[in-house]
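**Student:** Structure file target08.pdb, PDB, C-alpha atoms and all ligand atoms, is pasted below:
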MODEL        1
ATOM      1  CA  MET A   1     148.637 178.885 124.644
ATOM      2  CA  TYR A   2     151.839 180.860 124.365
ATOM      3  CA  SER A   3     154.651 179.639 122.185
ATOM      4  CA  ASN A   4     157.392 181.261 124.181
ATOM      5  CA  TRP A   5     158.387 181.534 127.770
ATOM      6  CA  GLU A   6     158.435 185.325 127.967
ATOM      7  CA  GLU A   7     154.826 185.663 126.866
ATOM      8  CA  LEU A   8     153.688 182.900 129.196
ATOM      9  CA  THR A   9     155.396 184.406 132.244
ATOM     10  CA  LYS A  10     154.037 187.814 131.334
ATOM     11  CA  SER A  11     150.519 186.415 131.005
ATOM     12  CA  ILE A  12     150.410 185.260 134.633
ATOM     13  CA  GLN A  13     151.576 188.564 136.141
ATOM     14  CA  GLY A  14     148.865 189.873 138.465
ATOM     15  CA  CYS A  15     146.562 186.957 137.584
ATOM     16  CA  ARG A  16     143.073 187.235 139.087
ATOM     17  CA  LYS A  17     141.460 184.282 137.345
ATOM     18  CA  CYS A  18     140.471 182.668 140.647
ATOM     19  CA  LYS A  19     139.828 183.669 144.247
ATOM     20  CA  LEU A  20     143.241 182.508 145.464
ATOM     21  CA  CYS A  21     144.570 185.822 144.155
ATOM     22  CA  ASN A  22     142.954 187.474 147.182
ATOM     23  CA  TRP A  23     145.284 185.886 149.739
ATOM     24  CA  ARG A  24     148.572 185.295 147.978
ATOM     25  CA  LYS A  25     151.754 187.249 148.542
ATOM     26  CA  ASN A  26     153.508 185.854 145.495
ATOM     27  CA  ILE A  27     152.538 183.817 142.479
ATOM     28  CA  VAL A  28     154.635 180.650 142.530
ATOM     29  CA  PHE A  29     154.978 179.953 138.847
ATOM     30  CA  GLY A  30     157.697 177.326 138.706
ATOM     31  CA  GLN A  31     161.426 176.840 138.935
ATOM     32  CA  GLY A  32     164.196 174.963 137.206
ATOM     33  CA  ASP A  33     165.526 174.072 133.797
ATOM     34  CA  ILE A  34     162.989 175.063 131.147
ATOM     35  CA  ASN A  35     164.442 172.340 128.927
ATOM     36  CA  ALA A  36     164.385 169.659 131.615
ATOM     37  CA  ASP A  37     163.796 165.990 130.811
ATOM     38  CA  ILE A  38     162.134 165.484 134.180
ATOM     39  CA  MET A  39     159.348 167.642 135.560
ATOM     40  CA  PHE A  40     157.782 167.477 139.028
ATOM     41  CA  ILE A  41     154.222 168.599 139.639
ATOM     42  CA  GLY A  42     152.972 169.316 143.149
ATOM     43  CA  GLU A  43     149.738 170.688 144.502
ATOM     44  CA  GLY A  44     150.100 174.328 145.405
ATOM     45  CA  PRO A  45     152.326 176.713 147.363
ATOM     46  CA  GLY A  46     152.511 176.601 151.141
ATOM     47  CA  ALA A  47     153.427 179.492 153.422
ATOM     48  CA  GLU A  48     157.146 179.461 152.665
ATOM     49  CA  GLU A  49     156.606 179.134 148.923
ATOM     50  CA  ASP A  50     154.138 182.042 149.049
ATOM     51  CA  GLU A  51     156.753 184.150 150.866
ATOM     52  CA  GLN A  52     159.536 183.373 148.435
ATOM     53  CA  GLY A  53     157.658 182.842 145.178
ATOM     54  CA  ILE A  54     159.536 179.562 144.676
ATOM     55  CA  PRO A  55     158.012 176.042 144.696
ATOM     56  CA  PHE A  56     158.981 173.427 147.280
ATOM     57  CA  VAL A  57     161.148 175.476 149.611
ATOM     58  CA  GLY A  58     159.351 174.608 152.868
ATOM     59  CA  ARG A  59     159.476 171.380 154.849
ATOM     60  CA  ALA A  60     158.078 169.229 152.038
ATOM     61  CA  GLY A  61     160.535 170.867 149.678
ATOM     62  CA  GLN A  62     163.471 170.026 151.920
ATOM     63  CA  LEU A  63     162.394 166.414 151.834
ATOM     64  CA  LEU A  64     162.205 166.518 148.057
ATOM     65  CA  ASN A  65     165.654 168.123 147.927
ATOM     66  CA  THR A  66     167.095 165.376 150.115
ATOM     67  CA  ALA A  67     165.604 162.687 147.875
ATOM     68  CA  LEU A  68     166.909 164.356 144.699
ATOM     69  CA  LYS A  69     170.367 164.674 146.169
ATOM     70  CA  ALA A  70     170.407 161.029 147.213
ATOM     71  CA  LEU A  71     169.429 160.051 143.674
ATOM     72  CA  GLY A  72     172.179 162.159 142.172
ATOM     73  CA  ILE A  73     169.727 164.473 140.435
ATOM     74  CA  GLN A  74     170.450 168.205 140.569
ATOM     75  CA  ARG A  75     167.392 170.222 141.465
ATOM     76  CA  GLU A  76     168.411 172.868 138.933
ATOM     77  CA  ASN A  77     168.306 170.272 136.148
ATOM     78  CA  VAL A  78     164.630 169.441 136.650
ATOM     79  CA  TYR A  79     161.584 171.681 136.372
ATOM     80  CA  ILE A  80     159.199 172.019 139.318
ATOM     81  CA  ALA A  81     155.676 173.447 139.242
ATOM     82  CA  ASN A  82     152.303 173.118 140.928
ATOM     83  CA  ILE A  83     148.661 172.633 139.954
ATOM     84  CA  VAL A  84     147.739 176.020 141.451
ATOM     85  CA  LYS A  85     150.196 178.894 141.528
ATOM     86  CA  CYS A  86     148.771 180.749 144.525
ATOM     87  CA  ARG A  87     148.629 179.511 148.085
ATOM     88  CA  PRO A  88     145.259 178.233 149.285
ATOM     89  CA  PRO A  89     144.398 179.753 152.700
ATOM     90  CA  GLN A  90     145.447 177.581 155.663
ATOM     91  CA  ASN A  91     146.994 175.216 153.088
ATOM     92  CA  ARG A  92     143.602 173.715 152.331
ATOM     93  CA  ASN A  93     143.306 171.659 149.169
ATOM     94  CA  PRO A  94     142.770 173.718 146.039
ATOM     95  CA  GLU A  95     139.093 173.814 145.025
ATOM     96  CA  LEU A  96     137.785 172.681 141.658
ATOM     97  CA  ASP A  97     137.194 176.176 140.257
ATOM     98  CA  GLU A  98     140.710 177.213 141.311
ATOM     99  CA  MET A  99     142.375 174.228 139.692
ATOM    100  CA  GLN A 100     140.352 174.684 136.521
ATOM    101  CA  ALA A 101     141.251 178.360 136.372
ATOM    102  CA  CYS A 102     144.948 177.708 136.856
ATOM    103  CA  LEU A 103     145.548 174.536 134.899
ATOM    104  CA  ASP A 104     146.133 176.220 131.534
ATOM    105  CA  TYR A 105     149.334 177.754 132.878
ATOM    106  CA  LEU A 106     150.633 174.335 133.805
ATOM    107  CA  ARG A 107     149.577 172.840 130.472
ATOM    108  CA  ASN A 108     151.506 175.593 128.740
ATOM    109  CA  GLN A 109     154.535 174.991 130.968
ATOM    110  CA  VAL A 110     154.491 171.306 130.021
ATOM    111  CA  ILE A 111     154.231 172.157 126.308
ATOM    112  CA  LEU A 112     157.219 174.504 126.527
ATOM    113  CA  VAL A 113     159.443 172.357 128.762
ATOM    114  CA  LYS A 114     158.641 169.176 126.785
ATOM    115  CA  PRO A 115     159.738 166.810 129.565
ATOM    116  CA  LYS A 116     160.162 163.109 128.880
ATOM    117  CA  ILE A 117     159.125 162.166 132.399
ATOM    118  CA  ILE A 118     156.621 163.829 134.722
ATOM    119  CA  VAL A 119     156.528 162.923 138.399
ATOM    120  CA  LEU A 120     153.106 163.555 139.899
ATOM    121  CA  LEU A 121     153.450 164.389 143.580
ATOM    122  CA  GLY A 122     150.279 163.366 145.368
ATOM    123  CA  LYS A 123     146.639 162.931 144.551
ATOM    124  CA  VAL A 124     145.862 166.495 143.502
ATOM    125  CA  ALA A 125     148.484 166.347 140.751
ATOM    126  CA  LEU A 126     147.526 162.786 139.808
ATOM    127  CA  ASN A 127     143.798 163.458 139.506
ATOM    128  CA  ASN A 128     144.199 166.708 137.602
ATOM    129  CA  ILE A 129     146.720 165.423 135.107
ATOM    130  CA  LEU A 130     145.733 161.788 134.558
ATOM    131  CA  GLY A 131     142.107 161.794 135.675
ATOM    132  CA  SER A 132     139.908 161.482 138.725
ATOM    133  CA  GLN A 133     139.589 157.710 138.341
ATOM    134  CA  TYR A 134     143.083 157.220 139.792
ATOM    135  CA  ASN A 135     143.755 156.525 143.434
ATOM    136  CA  ILE A 136     147.204 157.576 144.638
ATOM    137  CA  SER A 137     147.913 154.548 146.811
ATOM    138  CA  LYS A 138     146.997 152.182 143.947
ATOM    139  CA  ALA A 139     148.497 154.200 141.093
ATOM    140  CA  ARG A 140     151.793 155.112 142.688
ATOM    141  CA  GLY A 141     154.863 153.376 141.342
ATOM    142  CA  ILE A 142     153.193 152.472 138.037
ATOM    143  CA  TRP A 143     154.186 154.244 134.823
ATOM    144  CA  VAL A 144     151.436 155.744 132.710
ATOM    145  CA  GLU A 145     152.186 156.775 129.140
ATOM    146  CA  LYS A 146     150.136 159.542 127.576
ATOM    147  CA  LYS A 147     150.871 161.524 124.434
ATOM    148  CA  GLY A 148     154.564 160.758 124.420
ATOM    149  CA  ILE A 149     155.174 161.608 128.074
ATOM    150  CA  ILE A 150     155.581 159.014 130.780
ATOM    151  CA  TYR A 151     154.130 159.772 134.176
ATOM    152  CA  MET A 152     155.155 158.398 137.540
ATOM    153  CA  PRO A 153     152.589 159.052 140.260
ATOM    154  CA  THR A 154     153.947 158.998 143.804
ATOM    155  CA  TYR A 155     153.138 160.346 147.240
ATOM    156  CA  HIS A 156     153.354 164.032 147.974
ATOM    157  CA  PRO A 157     156.399 164.758 150.160
ATOM    158  CA  ALA A 158     154.091 166.395 152.720
ATOM    159  CA  ALA A 159     152.354 163.027 153.103
ATOM    160  CA  LEU A 160     155.699 161.519 154.139
ATOM    161  CA  LEU A 161     155.939 164.062 156.930
ATOM    162  CA  ARG A 162     152.609 162.831 158.278
ATOM    163  CA  ASP A 163     153.289 159.126 157.693
ATOM    164  CA  ASN A 164     156.879 157.984 157.782
ATOM    165  CA  SER A 165     156.080 154.562 156.353
ATOM    166  CA  LYS A 166     155.299 156.146 152.976
ATOM    167  CA  LYS A 167     158.956 157.098 152.591
ATOM    168  CA  ILE A 168     159.864 153.609 151.429
ATOM    169  CA  ASP A 169     157.483 153.690 148.467
ATOM    170  CA  PHE A 170     158.325 157.295 147.653
ATOM    171  CA  TRP A 171     161.974 156.373 147.447
ATOM    172  CA  LYS A 172     161.196 153.298 145.341
ATOM    173  CA  ASP A 173     159.225 155.433 142.896
ATOM    174  CA  LEU A 174     161.936 158.052 142.556
ATOM    175  CA  LYS A 175     164.542 155.336 142.026
ATOM    176  CA  ALA A 176     162.385 154.002 139.194
ATOM    177  CA  VAL A 177     162.347 157.499 137.704
ATOM    178  CA  LYS A 178     166.120 157.732 137.867
ATOM    179  CA  GLN A 179     166.514 154.306 136.327
ATOM    180  CA  LYS A 180     164.093 155.062 133.503
ATOM    181  CA  TYR A 181     165.835 158.345 132.851
ATOM    182  CA  GLU A 182     169.210 156.617 132.579
ATOM    183  CA  GLU A 183     167.760 154.032 130.179
ATOM    184  CA  MET A 184     166.338 156.810 128.023
ATOM    185  CA  GLU A 185     169.663 158.615 127.928
ATOM    186  CA  LEU A 186     171.255 155.537 126.351
ATOM    187  CA  VAL A 187     168.985 155.495 123.314
TER     188      VAL A 187
HETATM  189  N1  LIG B 201     153.570 171.598 148.415
HETATM  190  C1  LIG B 201     153.275 171.671 147.102
HETATM  191  O1  LIG B 201     152.430 170.945 146.591
HETATM  192  N2  LIG B 201     153.948 172.544 146.375
HETATM  193  C2  LIG B 201     154.873 173.350 146.854
HETATM  194  O2  LIG B 201     155.431 174.133 146.097
HETATM  195  C3  LIG B 201     155.166 173.260 148.233
HETATM  196  C4  LIG B 201     154.499 172.378 148.987
HETATM  197 FE1  LIG B 202     145.617 182.921 138.738
HETATM  198 FE2  LIG B 202     146.311 180.411 139.287
HETATM  199 FE3  LIG B 202     146.689 182.296 141.101
HETATM  200 FE4  LIG B 202     144.237 181.491 140.536
HETATM  201  S1  LIG B 202     145.872 180.243 141.472
HETATM  202  S2  LIG B 202     144.916 183.614 140.748
HETATM  203  S3  LIG B 202     144.382 181.088 138.343
HETATM  204  S4  LIG B 202     147.697 182.165 139.105
ENDMDL
END
Any chance you could put this one into structure tokens?

**Tutor:**
Amino acid sequence: MYSNWEELTKSIQGCRKCKLCNWRKNIVFGQGDINADIMFIGEGPGAEEDEQGIPFVGRAGQLLNTALKALGIQRENVYIANIVKCRPPQNRNPELDEMQACLDYLRNQVILVKPKIIVLLGKVALNNILGSQYNISKARGIWVEKKGIIYMPTYHPAALLRDNSKKIDFWKDLKAVKQKYEEMELV
């Protein structure tokens, strides 16, 4: 683990710890306020993210942006990262060896950002961070506290693009995040 941001970002340059390095254009490390109170964790870069090297800039990202704006949360005031930093080919799910190889970067990001709240976007983030026993449709909307951080699992924005009806719960969950955040600010 690196104790400062410069060393951590340097350590991922040219990473070849898993086979995803063979297809990526850019490593998508993360974006946002490195002192954020709220952190979002997604799955892995898509095509647009791979092009730009920035998380959540494609269609799913636009949906996330819209939700943040509606909540009155500035995207630049949160920190956004993914389980894997390189795009899986054809946007397939990241494989176990890839997630295991990459997860230390994310753990280090969490240690350095020290968020109060982490929003887990979708089942890949949920199962990697809180454990494989969780099911996204049962766990979503329910806070989980672990080592001083509270986690809100919710649907991945890409899932909302496939199934519109999930938008209602997604919105509910993000409202709960906003509300919790405001309560925490008062203490
Ligand atoms: N989906 C993700 O999980 N992460 C991104 O950065 C973009 C789409
Ligand atoms: Fe390295 Fe992660 Fe990219 Fe794999 S996905 S090559 S571990 S940065």

**Student:** Find the residue from A:Phe56, A:Tyr155, A:Trp5, A:Tyr105 that sits nearest to ligand LIG 202 (chain B); use all atoms listed in the file when measuring.

**Tutor:**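 Closest candidate: A:Tyr105.
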
**Student:** One number please: atom CA of Trp171 of chain A to atom CA of Ala139 of chain A, in Å, one decimal.

**Tutor:**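 Spanning atom CA of Trp171 of chain A to atom CA of Ala139 of chain A is a straight-line distance of 15.1 Å.
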
**Student:** Restricting the calculation to all atoms listed in the file: of A:Ala70, A:Leu106, A:Val119, A:Met184, which residue gets closest to Met1 of chain A?

**Tutor:**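 Result for the nearest residue to Met1 of chain A: A:Leu106.
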
**Student:** Could you tell me, as a list in words, which residues have any atom at most 7 Å from (153.3, 181.6, 150.8), counting all atoms listed in the file?

**Tutor:**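 Here the neighbourhood of the point contains Arg24, Lys25, Asn26, Pro45, Gly46, Ala47, Glu48, Glu49, Asp50, Glu51, Gln52 and Arg87 of chain A.
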
**Student:** Could you tell me how far atom CA of Ile149 of chain A sits from atom CA of Ile34 of chain A, in Å to one decimal place?

**Tutor:**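 Here the two named atoms are 15.9 Å from each other.
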
**Student:** Counting all atoms listed in the file, what are the residues, protein, DNA or RNA alike, that approach ligand LIG 201 (chain B) to within 12 Å? I want them as a PyMOL selection string.

**Tutor:** chain A and resi 26-31+40-65+79-88+91-94+120-126+155-161

**Student:** Write the residues of the selection above to a file with C-alpha atoms, as a compact mmCIF listing (two decimals), in the coordinates of the input.

**Tutor:**
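As written to disk, selection-v4.txt reads:
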# COMPACT_ATOMS: atom_id res chain seq x y z
CA ASN A 26 153.51 185.85 145.50
CA ILE A 27 152.54 183.82 142.48
CA VAL A 28 154.64 180.65 142.53
CA PHE A 29 154.98 179.95 138.85
CA GLY A 30 157.70 177.33 138.71
CA GLN A 31 161.43 176.84 138.94
CA PHE A 40 157.78 167.48 139.03
CA ILE A 41 154.22 168.60 139.64
CA GLY A 42 152.97 169.32 143.15
CA GLU A 43 149.74 170.69 144.50
CA GLY A 44 150.10 174.33 145.40
CA PRO A 45 152.33 176.71 147.36
CA GLY A 46 152.51 176.60 151.14
CA ALA A 47 153.43 179.49 153.42
CA GLU A 48 157.15 179.46 152.66
CA GLU A 49 156.61 179.13 148.92
CA ASP A 50 154.14 182.04 149.05
CA GLU A 51 156.75 184.15 150.87
CA GLN A 52 159.54 183.37 148.44
CA GLY A 53 157.66 182.84 145.18
CA ILE A 54 159.54 179.56 144.68
CA PRO A 55 158.01 176.04 144.70
CA PHE A 56 158.98 173.43 147.28
CA VAL A 57 161.15 175.48 149.61
CA GLY A 58 159.35 174.61 152.87
CA ARG A 59 159.48 171.38 154.85
CA ALA A 60 158.08 169.23 152.04
CA GLY A 61 160.54 170.87 149.68
CA GLN A 62 163.47 170.03 151.92
CA LEU A 63 162.39 166.41 151.83
CA LEU A 64 162.21 166.52 148.06
CA ASN A 65 165.65 168.12 147.93
CA TYR A 79 161.58 171.68 136.37
CA ILE A 80 159.20 172.02 139.32
CA ALA A 81 155.68 173.45 139.24
CA ASN A 82 152.30 173.12 140.93
CA ILE A 83 148.66 172.63 139.95
CA VAL A 84 147.74 176.02 141.45
CA LYS A 85 150.20 178.89 141.53
CA CYS A 86 148.77 180.75 144.52
CA ARG A 87 148.63 179.51 148.08
CA PRO A 88 145.26 178.23 149.28
CA ASN A 91 146.99 175.22 153.09
CA ARG A 92 143.60 173.72 152.33
CA ASN A 93 143.31 171.66 149.17
CA PRO A 94 142.77 173.72 146.04
CA LEU A 120 153.11 163.56 139.90
CA LEU A 121 153.45 164.39 143.58
CA GLY A 122 150.28 163.37 145.37
CA LYS A 123 146.64 162.93 144.55
CA VAL A 124 145.86 166.50 143.50
CA ALA A 125 148.48 166.35 140.75
CA LEU A 126 147.53 162.79 139.81
CA TYR A 155 153.14 160.35 147.24
CA HIS A 156 153.35 164.03 147.97
CA PRO A 157 156.40 164.76 150.16
CA ALA A 158 154.09 166.40 152.72
CA ALA A 159 152.35 163.03 153.10
CA LEU A 160 155.70 161.52 154.14
CA LEU A 161 155.94 164.06 156.93

**Student:** Identify the residues within 9 Å of coordinate (157.9, 152.5, 138.9) (same frame as the file), considering all atoms listed in the file, and give the answer as a list of chain:residue names.

**Tutor:**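 With a cut-off of 9 Å, the residues come to A:Arg140, A:Gly141, A:Ile142, A:Trp143, A:Met152, A:Pro153, A:Lys172, A:Asp173, A:Leu174, A:Lys175, A:Ala176, A:Val177, A:Lys180.
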
**Student:** Run through the PyMOL selection byres (((not hetatm)) within 6 of (chain B and resi 202)) on the given coordinates and return the selected residues as a PDB file with C-alpha atoms, in the frame of the given file.

**Tutor:**
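Okay, this is what ended up in selection09.pdb:
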ATOM      1  CA  CYS A  15     146.562 186.957 137.584  1.00  0.00           C
ATOM      2  CA  ARG A  16     143.073 187.235 139.087  1.00  0.00           C
ATOM      3  CA  LYS A  17     141.460 184.282 137.345  1.00  0.00           C
ATOM      4  CA  CYS A  18     140.471 182.668 140.647  1.00  0.00           C
ATOM      5  CA  LEU A  20     143.241 182.508 145.464  1.00  0.00           C
ATOM      6  CA  CYS A  21     144.570 185.822 144.155  1.00  0.00           C
ATOM      7  CA  VAL A  84     147.739 176.020 141.451  1.00  0.00           C
ATOM      8  CA  LYS A  85     150.196 178.894 141.528  1.00  0.00           C
ATOM      9  CA  CYS A  86     148.771 180.749 144.525  1.00  0.00           C
ATOM     10  CA  GLU A  98     140.710 177.213 141.311  1.00  0.00           C
ATOM     11  CA  ALA A 101     141.251 178.360 136.372  1.00  0.00           C
ATOM     12  CA  CYS A 102     144.948 177.708 136.856  1.00  0.00           C
TER      13      CYS A 102
END

**Student:** Could you list the residues chosen by the PyMOL selection byres (((chain A and resi 74-78) around 8) and not hetatm) in this structure as a list in words?

**Tutor:** Gly32, Asp33, Ala36, Asp37, Ile38, Met39, Phe40, Asn65, Leu68, Lys69, Gly72, Ile73, Tyr79 and Ile80 of chain A

**Student:** So that all listed atoms of segment 162-168 of chain A fit with 4 Å spare on each side, what axis-aligned box centre and edge lengths in Å, to one decimal, would you give as JSON?

**Tutor:**
{"center_x": 156.2, "center_y": 158.2, "center_z": 154.9, "size_x": 15.3, "size_y": 17.2, "size_z": 14.8}

**Student:** Can you measure atom CA of Ile118 of chain A to atom CA of Val144 of chain A for me? One decimal in Å is fine.

**Tutor:**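 Between these atoms lies a distance of 9.8 Å.
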